Amino acid sequence: MKQIGNKSFIQLIGLMVGLLALITALVGVIGLVLFLAYSGVRLDVASPDESQMLAAVSAPAPVVKALEDPAGMWKAPDWASVENEPNADDIKYGRELIANTAAYLGPNGSVRKISNGLNCQNCHLNAGTAPLGNNYGAVAATYPKIRARSGKSEDIPKRINDCFERSLNGQGLERNSKEMIAMVAYMEWLGKDVPKGEKPKGAGIYALPLLDRAADPVRGKTVYENQCQSCHQADGQGIAKPDGSGYTYPPLWGPHSYNSGAGLYRLSRFAGYVRANMPLGATYENPLISDEDAWDVAAYVNSLERPSKDLAGDWPDISKKPMDHPFGPYSDGFSEEQHKFGPFKPIVEAKASGQ
């Protein structure tokens, strides 16, 4: 019994010594960690998943490349300076008509009822002042001019009425009407600092690089559903204002949209406009969709039903028809289908070579 008691006592002493050694080691490790921490040295090792998360957090954000260098981009004159103009009232009324066309000249217009309910600024963003937003920066400097579409010299009133008859699917204004005078005054004021004959940087619509394939309306439907539908709705009819004075978001096809003679019915025009300005929040400095998506969604939207227009007087010289004018006859051997959806490179190359 005595031997057993002595043996247990020795084991207890050994256990206590081992425990003391373990505590001493732990204290040493903690002390080392604290010392290194205060010295600025990190010892933590992340798991593979944690490492990936840390890499994602620390990785630089993707760089969004502007479609064009902002340097030298056309800017509208300071709106406050309008008050210094002798025709300030006309200019201000003109801007109001551009921004809220439907309220004055739409189906329920307070002045006349001559258009489809769209506003001019649905196609000419920010009342025609947005860079690469189909702005009016070049209008005063480049009109009057001979336009291949009509084969005639056109002035600003003629160009405005073209938009009323095509994009707004309505009737033109009388040239001497208060509304026409005001809209011309506004456009001339916007371009007052642009030298005659020059087209400033950023005027009009972005020239989108051509695809090596035809634009695909089937793929474009998916782009529309992902990028456009929330504003323009699944049926493409947009969102009307509750008071009936126009649209918060305009219809892109159907009876209340632009007709087949409108500029945006050409794929390159629609695609370039979308690339630089859509979906909501995009700008040429911060584009939100790709070139391919822009072409394909343009193909989808412009493949759907809309009002037609008699184009018998357009392009009297058919050799001057643009690559994407979707109605024949043509001076080349390419089909109407290819002129509508592409691929456009062969058409452009054939024209350049004189074929």
# chains A, B, ... in the order shown; residues from 1 in each chain; ligands from 1
$ residues_around --residues "Leu132 (chain A)" --least-positions-apart "2" --cutoff "6 Å" --atoms "only C-alpha atoms" --output "ChimeraX atom specification"
/A:134,202-206
$ write_last_selection --atoms "all heavy atoms" --output "short mmCIF file (atom, residue, chain, number, x, y, z; two decimals), in the first residue's frame"
data_model
loop_
_atom_site.label_atom_id
_atom_site.label_comp_id
_atom_site.auth_asym_id
_atom_site.auth_seq_id
_atom_site.Cartn_x
_atom_site.Cartn_y
_atom_site.Cartn_z
N ASN A 134 -27.11 62.82 -78.72
CA ASN A 134 -27.89 63.34 -79.84
C ASN A 134 -28.21 64.83 -79.61
O ASN A 134 -29.34 65.28 -79.82
CB ASN A 134 -29.18 62.53 -80.03
CG ASN A 134 -29.68 62.55 -81.46
OD1 ASN A 134 -29.00 63.00 -82.38
ND2 ASN A 134 -30.90 62.07 -81.66
N GLY A 202 -18.32 65.62 -79.80
CA GLY A 202 -19.42 65.19 -78.93
C GLY A 202 -20.79 65.53 -79.44
O GLY A 202 -21.79 65.22 -78.79
N ALA A 203 -20.87 66.18 -80.61
CA ALA A 203 -22.19 66.47 -81.18
C ALA A 203 -22.79 65.20 -81.75
O ALA A 203 -22.08 64.30 -82.21
CB ALA A 203 -22.07 67.53 -82.27
N GLY A 204 -24.10 65.12 -81.72
CA GLY A 204 -24.78 63.99 -82.34
C GLY A 204 -24.71 62.71 -81.53
O GLY A 204 -24.81 62.71 -80.30
N ILE A 205 -24.51 61.58 -82.23
CA ILE A 205 -24.56 60.24 -81.64
C ILE A 205 -23.21 59.55 -81.79
O ILE A 205 -22.50 59.74 -82.77
CB ILE A 205 -25.67 59.41 -82.32
CG1 ILE A 205 -27.05 59.98 -81.96
CG2 ILE A 205 -25.61 57.93 -81.92
CD1 ILE A 205 -28.20 59.28 -82.64
N TYR A 206 -22.86 58.73 -80.80
CA TYR A 206 -21.60 57.98 -80.81
C TYR A 206 -21.56 57.02 -82.00
O TYR A 206 -22.52 56.30 -82.29
CB TYR A 206 -21.47 57.19 -79.50
CG TYR A 206 -20.27 56.30 -79.43
CD1 TYR A 206 -18.98 56.83 -79.48
CD2 TYR A 206 -20.41 54.92 -79.31
CE1 TYR A 206 -17.87 56.01 -79.40
CE2 TYR A 206 -19.30 54.09 -79.22
CZ TYR A 206 -18.04 54.64 -79.28
OH TYR A 206 -16.93 53.83 -79.21
#
$ residues_around --residues "Asp193 (chain A)" --least-positions-apart "3" --cutoff "12 Å" --atoms "only C-alpha atoms" --output "list of chain:residue names"
A:Trp74, A:Lys75, A:Ala76, A:Pro77, A:Asp78, A:Gly137, A:Ala138, A:Val139, A:Ala140, A:Ala141, A:Met187, A:Glu188, A:Trp189, A:Leu190, A:Lys196, A:Gly197, A:Glu198, A:Lys199, A:Pro200
$ write_last_selection --atoms "all heavy atoms" --output "short mmCIF file (atom, residue, chain, number, x, y, z; two decimals), in the first residue's frame"
data_model
loop_
_atom_site.label_atom_id
_atom_site.label_comp_id
_atom_site.auth_asym_id
_atom_site.auth_seq_id
_atom_site.Cartn_x
_atom_site.Cartn_y
_atom_site.Cartn_z
N TRP A 74 -17.87 69.23 -76.46
CA TRP A 74 -18.80 70.37 -76.51
C TRP A 74 -19.63 70.46 -75.24
O TRP A 74 -20.09 69.45 -74.71
CB TRP A 74 -19.73 70.24 -77.71
CG TRP A 74 -20.78 71.31 -77.75
CD1 TRP A 74 -20.63 72.60 -78.19
CD2 TRP A 74 -22.14 71.21 -77.31
NE1 TRP A 74 -21.82 73.30 -78.05
CE2 TRP A 74 -22.75 72.47 -77.53
CE3 TRP A 74 -22.91 70.18 -76.77
CZ2 TRP A 74 -24.09 72.73 -77.21
CZ3 TRP A 74 -24.24 70.43 -76.45
CH2 TRP A 74 -24.82 71.68 -76.67
N LYS A 75 -19.80 71.68 -74.77
CA LYS A 75 -20.67 71.95 -73.63
C LYS A 75 -21.63 73.06 -73.99
O LYS A 75 -21.26 74.01 -74.69
CB LYS A 75 -19.85 72.35 -72.39
CG LYS A 75 -18.99 71.24 -71.82
CD LYS A 75 -18.26 71.72 -70.58
CE LYS A 75 -17.38 70.60 -70.00
NZ LYS A 75 -16.64 71.07 -68.79
N ALA A 76 -22.84 72.94 -73.52
CA ALA A 76 -23.84 73.98 -73.76
C ALA A 76 -23.44 75.25 -73.01
O ALA A 76 -22.79 75.20 -71.97
CB ALA A 76 -25.20 73.51 -73.29
N PRO A 77 -23.82 76.41 -73.52
CA PRO A 77 -23.56 77.66 -72.80
C PRO A 77 -24.22 77.64 -71.42
O PRO A 77 -25.18 76.89 -71.19
CB PRO A 77 -24.18 78.73 -73.70
CG PRO A 77 -24.28 78.10 -75.05
CD PRO A 77 -24.50 76.63 -74.81
N ASP A 78 -23.72 78.46 -70.54
CA ASP A 78 -24.28 78.58 -69.19
C ASP A 78 -25.73 79.06 -69.30
O ASP A 78 -26.00 80.12 -69.87
CB ASP A 78 -23.43 79.57 -68.39
CG ASP A 78 -23.94 79.75 -66.96
OD1 ASP A 78 -24.89 79.05 -66.56
OD2 ASP A 78 -23.38 80.61 -66.25
N GLY A 137 -25.60 70.60 -80.51
CA GLY A 137 -24.42 71.44 -80.54
C GLY A 137 -24.00 71.87 -81.94
O GLY A 137 -23.43 72.95 -82.11
N ALA A 138 -24.27 71.07 -82.97
CA ALA A 138 -23.83 71.38 -84.33
C ALA A 138 -24.91 71.99 -85.20
O ALA A 138 -24.64 72.34 -86.35
CB ALA A 138 -23.30 70.11 -85.00
N VAL A 139 -26.12 72.13 -84.68
CA VAL A 139 -27.25 72.55 -85.53
C VAL A 139 -27.02 73.93 -86.13
O VAL A 139 -27.10 74.12 -87.35
CB VAL A 139 -28.56 72.50 -84.72
CG1 VAL A 139 -29.70 73.14 -85.53
CG2 VAL A 139 -28.92 71.07 -84.37
N ALA A 140 -26.76 74.92 -85.29
CA ALA A 140 -26.63 76.29 -85.79
C ALA A 140 -25.45 76.42 -86.76
O ALA A 140 -25.52 77.19 -87.72
CB ALA A 140 -26.45 77.26 -84.62
N ALA A 141 -24.38 75.66 -86.52
CA ALA A 141 -23.17 75.79 -87.33
C ALA A 141 -23.28 75.08 -88.67
O ALA A 141 -22.58 75.45 -89.63
CB ALA A 141 -21.96 75.25 -86.56
N MET A 187 -32.13 76.34 -80.25
CA MET A 187 -31.05 75.60 -80.90
C MET A 187 -29.93 76.54 -81.36
O MET A 187 -28.74 76.19 -81.26
CB MET A 187 -31.60 74.80 -82.08
CG MET A 187 -32.51 73.67 -81.67
SD MET A 187 -33.13 72.74 -83.09
CE MET A 187 -34.36 71.70 -82.29
N GLU A 188 -30.29 77.69 -81.88
CA GLU A 188 -29.26 78.66 -82.30
C GLU A 188 -28.48 79.17 -81.10
O GLU A 188 -27.26 79.37 -81.19
CB GLU A 188 -29.91 79.80 -83.06
CG GLU A 188 -30.43 79.38 -84.42
CD GLU A 188 -31.06 80.52 -85.20
OE1 GLU A 188 -31.52 81.51 -84.57
OE2 GLU A 188 -31.11 80.44 -86.44
N TRP A 189 -29.15 79.35 -79.98
CA TRP A 189 -28.44 79.80 -78.77
C TRP A 189 -27.47 78.72 -78.30
O TRP A 189 -26.33 79.03 -77.92
CB TRP A 189 -29.44 80.13 -77.67
CG TRP A 189 -28.78 80.51 -76.38
CD1 TRP A 189 -28.23 81.72 -76.06
CD2 TRP A 189 -28.56 79.66 -75.26
NE1 TRP A 189 -27.68 81.67 -74.79
CE2 TRP A 189 -27.87 80.42 -74.28
CE3 TRP A 189 -28.88 78.33 -74.98
CZ2 TRP A 189 -27.50 79.89 -73.05
CZ3 TRP A 189 -28.51 77.80 -73.75
CH2 TRP A 189 -27.83 78.58 -72.80
N LEU A 190 -27.89 77.46 -78.32
CA LEU A 190 -27.00 76.38 -77.88
C LEU A 190 -25.70 76.36 -78.69
O LEU A 190 -24.63 76.09 -78.16
CB LEU A 190 -27.70 75.03 -78.02
CG LEU A 190 -28.73 74.66 -76.96
CD1 LEU A 190 -29.35 73.30 -77.29
CD2 LEU A 190 -28.12 74.63 -75.57
N LYS A 196 -19.04 78.62 -87.71
CA LYS A 196 -19.88 78.19 -88.82
C LYS A 196 -19.17 77.10 -89.63
O LYS A 196 -17.98 77.21 -89.94
CB LYS A 196 -20.21 79.38 -89.73
CG LYS A 196 -21.36 79.12 -90.69
CD LYS A 196 -22.67 78.94 -89.96
CE LYS A 196 -23.83 78.73 -90.94
NZ LYS A 196 -25.09 78.42 -90.23
N GLY A 197 -19.91 76.05 -89.95
CA GLY A 197 -19.37 74.97 -90.75
C GLY A 197 -18.68 73.88 -89.96
O GLY A 197 -18.30 72.85 -90.53
N GLU A 198 -18.51 74.07 -88.66
CA GLU A 198 -17.82 73.07 -87.84
C GLU A 198 -18.81 72.22 -87.05
O GLU A 198 -19.87 72.69 -86.65
CB GLU A 198 -16.85 73.74 -86.87
CG GLU A 198 -15.66 74.39 -87.55
CD GLU A 198 -14.61 74.87 -86.55
OE1 GLU A 198 -14.72 74.50 -85.35
OE2 GLU A 198 -13.70 75.60 -86.96
N LYS A 199 -18.43 70.97 -86.83
CA LYS A 199 -19.18 70.07 -85.97
C LYS A 199 -18.35 69.83 -84.72
O LYS A 199 -17.28 69.22 -84.79
CB LYS A 199 -19.47 68.75 -86.68
CG LYS A 199 -20.28 67.78 -85.84
CD LYS A 199 -20.56 66.49 -86.60
CE LYS A 199 -21.35 65.51 -85.72
NZ LYS A 199 -21.64 64.24 -86.42
N PRO A 200 -18.78 70.32 -83.57
CA PRO A 200 -17.96 70.20 -82.37
C PRO A 200 -17.86 68.76 -81.88
O PRO A 200 -18.73 67.92 -82.18
CB PRO A 200 -18.69 71.08 -81.34
CG PRO A 200 -20.11 71.07 -81.80
CD PRO A 200 -20.06 71.00 -83.30
#
$ residues_around --residues "Arg275 (chain A)" --least-positions-apart "6" --cutoff "12 Å" --atoms "only C-alpha atoms" --output "MDAnalysis selection string"
chainID A and resid 66:68 132:133 205:209 227 267:269 281:298
$ residues_around --residues "Lys320 (chain A)" --least-positions-apart "2" --cutoff "9 Å" --atoms "only C-alpha atoms" --output "compact mmCIF listing (two decimals) with all heavy atoms, in the first residue's frame"
# COMPACT_ATOMS: atom_id res chain seq x y z
N ALA A 148 -28.70 64.34 -97.93
CA ALA A 148 -28.85 63.29 -98.93
C ALA A 148 -30.21 62.61 -98.82
O ALA A 148 -30.73 62.10 -99.82
CB ALA A 148 -27.74 62.26 -98.78
N ARG A 149 -30.80 62.61 -97.63
CA ARG A 149 -32.08 61.93 -97.48
C ARG A 149 -33.17 62.57 -98.33
O ARG A 149 -33.99 61.89 -98.93
CB ARG A 149 -32.51 61.90 -96.01
CG ARG A 149 -33.76 61.05 -95.77
CD ARG A 149 -33.99 60.77 -94.32
NE ARG A 149 -34.43 61.95 -93.58
CZ ARG A 149 -34.68 61.95 -92.27
NH1 ARG A 149 -34.48 60.84 -91.57
NH2 ARG A 149 -35.06 63.05 -91.65
N TRP A 315 -34.02 59.64 -100.14
CA TRP A 315 -32.85 59.13 -100.85
C TRP A 315 -33.09 59.07 -102.36
O TRP A 315 -33.05 57.99 -102.96
CB TRP A 315 -32.44 57.75 -100.31
CG TRP A 315 -32.30 57.73 -98.83
CD1 TRP A 315 -33.18 57.20 -97.94
CD2 TRP A 315 -31.24 58.31 -98.06
NE1 TRP A 315 -32.73 57.41 -96.65
CE2 TRP A 315 -31.54 58.07 -96.69
CE3 TRP A 315 -30.06 58.99 -98.38
CZ2 TRP A 315 -30.72 58.50 -95.66
CZ3 TRP A 315 -29.24 59.42 -97.34
CH2 TRP A 315 -29.57 59.17 -96.01
N PRO A 316 -33.33 60.22 -102.99
CA PRO A 316 -33.52 60.22 -104.44
C PRO A 316 -32.31 59.65 -105.19
O PRO A 316 -32.47 59.08 -106.26
CB PRO A 316 -33.76 61.70 -104.77
CG PRO A 316 -33.23 62.46 -103.59
CD PRO A 316 -33.44 61.58 -102.42
N ASP A 317 -31.12 59.83 -104.60
CA ASP A 317 -29.93 59.18 -105.13
C ASP A 317 -29.66 57.97 -104.25
O ASP A 317 -29.12 58.09 -103.15
CB ASP A 317 -28.74 60.14 -105.12
CG ASP A 317 -27.46 59.53 -105.67
OD1 ASP A 317 -27.44 58.30 -105.92
OD2 ASP A 317 -26.48 60.27 -105.84
N ILE A 318 -30.07 56.79 -104.72
CA ILE A 318 -30.00 55.61 -103.85
C ILE A 318 -28.57 55.22 -103.51
O ILE A 318 -28.33 54.50 -102.53
CB ILE A 318 -30.75 54.42 -104.46
CG1 ILE A 318 -30.13 53.99 -105.79
CG2 ILE A 318 -32.22 54.72 -104.62
CD1 ILE A 318 -30.72 52.70 -106.32
N PRO A 322 -27.45 55.24 -96.49
CA PRO A 322 -26.48 54.71 -95.52
C PRO A 322 -26.52 53.20 -95.47
O PRO A 322 -27.49 52.56 -95.91
CB PRO A 322 -26.95 55.33 -94.19
CG PRO A 322 -28.38 55.66 -94.40
CD PRO A 322 -28.55 55.98 -95.86
N SER A 331 -28.10 50.52 -104.48
CA SER A 331 -27.19 50.55 -105.62
C SER A 331 -26.16 49.43 -105.54
O SER A 331 -25.29 49.33 -106.40
CB SER A 331 -26.48 51.91 -105.70
OG SER A 331 -25.72 52.14 -104.52
$ atom_distance --atom1 "CA of Gln171 (chain A)" --atom2 "CA of Gln233 (chain A)"
27.2 Å
$ atom_distance --atom1 "CA of Tyr330 (chain A)" --atom2 "CA of Glu165 (chain A)"
24.2 Å
$ residues_around --residues "Asn169 (chain A)" --least-positions-apart "4" --cutoff "12 Å" --atoms "only C-alpha atoms" --output "PyMOL selection string"
chain A and resi 105-107+113-120+161-165+253-262+306-310
$ write_last_selection --atoms "C-alpha atoms" --output "mmCIF file, in the first residue's frame"
data_model
loop_
_atom_site.group_PDB
_atom_site.id
_atom_site.type_symbol
_atom_site.label_atom_id
_atom_site.label_comp_id
_atom_site.auth_asym_id
_atom_site.auth_seq_id
_atom_site.Cartn_x
_atom_site.Cartn_y
_atom_site.Cartn_z
ATOM 1 C CA LEU A 105 -48.007 69.471 -78.554
ATOM 2 C CA GLY A 106 -48.836 65.860 -77.653
ATOM 3 C CA PRO A 107 -52.169 64.004 -77.741
ATOM 4 C CA LYS A 113 -52.394 68.086 -80.539
ATOM 5 C CA ILE A 114 -49.967 67.085 -83.283
ATOM 6 C CA SER A 115 -47.605 64.390 -81.930
ATOM 7 C CA ASN A 116 -47.463 60.964 -80.314
ATOM 8 C CA GLY A 117 -46.742 61.850 -76.690
ATOM 9 C CA LEU A 118 -42.955 61.621 -76.808
ATOM 10 C CA ASN A 119 -40.751 64.573 -75.873
ATOM 11 C CA CYS A 120 -37.938 65.787 -78.103
ATOM 12 C CA ASN A 161 -40.510 69.297 -88.703
ATOM 13 C CA ASP A 162 -38.775 66.138 -89.893
ATOM 14 C CA CYS A 163 -38.547 65.087 -86.254
ATOM 15 C CA PHE A 164 -42.212 65.900 -85.662
ATOM 16 C CA GLU A 165 -43.225 63.813 -88.659
ATOM 17 C CA TRP A 253 -42.198 50.211 -80.208
ATOM 18 C CA GLY A 254 -45.911 50.049 -80.878
ATOM 19 C CA PRO A 255 -48.366 52.745 -82.015
ATOM 20 C CA HIS A 256 -47.020 55.491 -79.743
ATOM 21 C CA SER A 257 -43.341 55.180 -80.622
ATOM 22 C CA TYR A 258 -41.209 56.607 -83.438
ATOM 23 C CA ASN A 259 -42.091 55.507 -86.940
ATOM 24 C CA SER A 260 -40.118 53.697 -89.640
ATOM 25 C CA GLY A 261 -38.769 56.952 -91.045
ATOM 26 C CA ALA A 262 -37.095 58.088 -87.816
ATOM 27 C CA ARG A 306 -44.245 50.480 -85.073
ATOM 28 C CA PRO A 307 -45.979 53.090 -87.225
ATOM 29 C CA SER A 308 -44.894 53.224 -90.855
ATOM 30 C CA LYS A 309 -44.132 56.297 -92.945
ATOM 31 C CA ASP A 310 -44.220 56.877 -96.682
#
$ select_by_dssp --residues "region 129-318 of chain A" --states "alpha helix (DSSP H)" --output "ChimeraX atom specification"
/A:139-142,156-165,178-190,217-227,229-232,267-277,291-301
$ residues_around --residues "Gln338 (chain A)" --least-positions-apart "2" --cutoff "12 Å" --atoms "only C-alpha atoms" --output "count of residues only"
27
$ atom_distance --atom1 "CA of Ser230 (chain A)" --atom2 "CA of Val274 (chain A)"
15.3 Å
$ residues_around --residues "Lys145 (chain A)" --least-positions-apart "2" --cutoff "6 Å" --atoms "only C-alpha atoms" --output "PyMOL selection string"
chain A and resi 143+153-154
$ closest_residue --among "A:Thr101, A:Ser110, A:Lys321, A:Tyr300" --to "Tyr247 (chain A)" --atoms "only C-alpha atoms"
A:Thr101
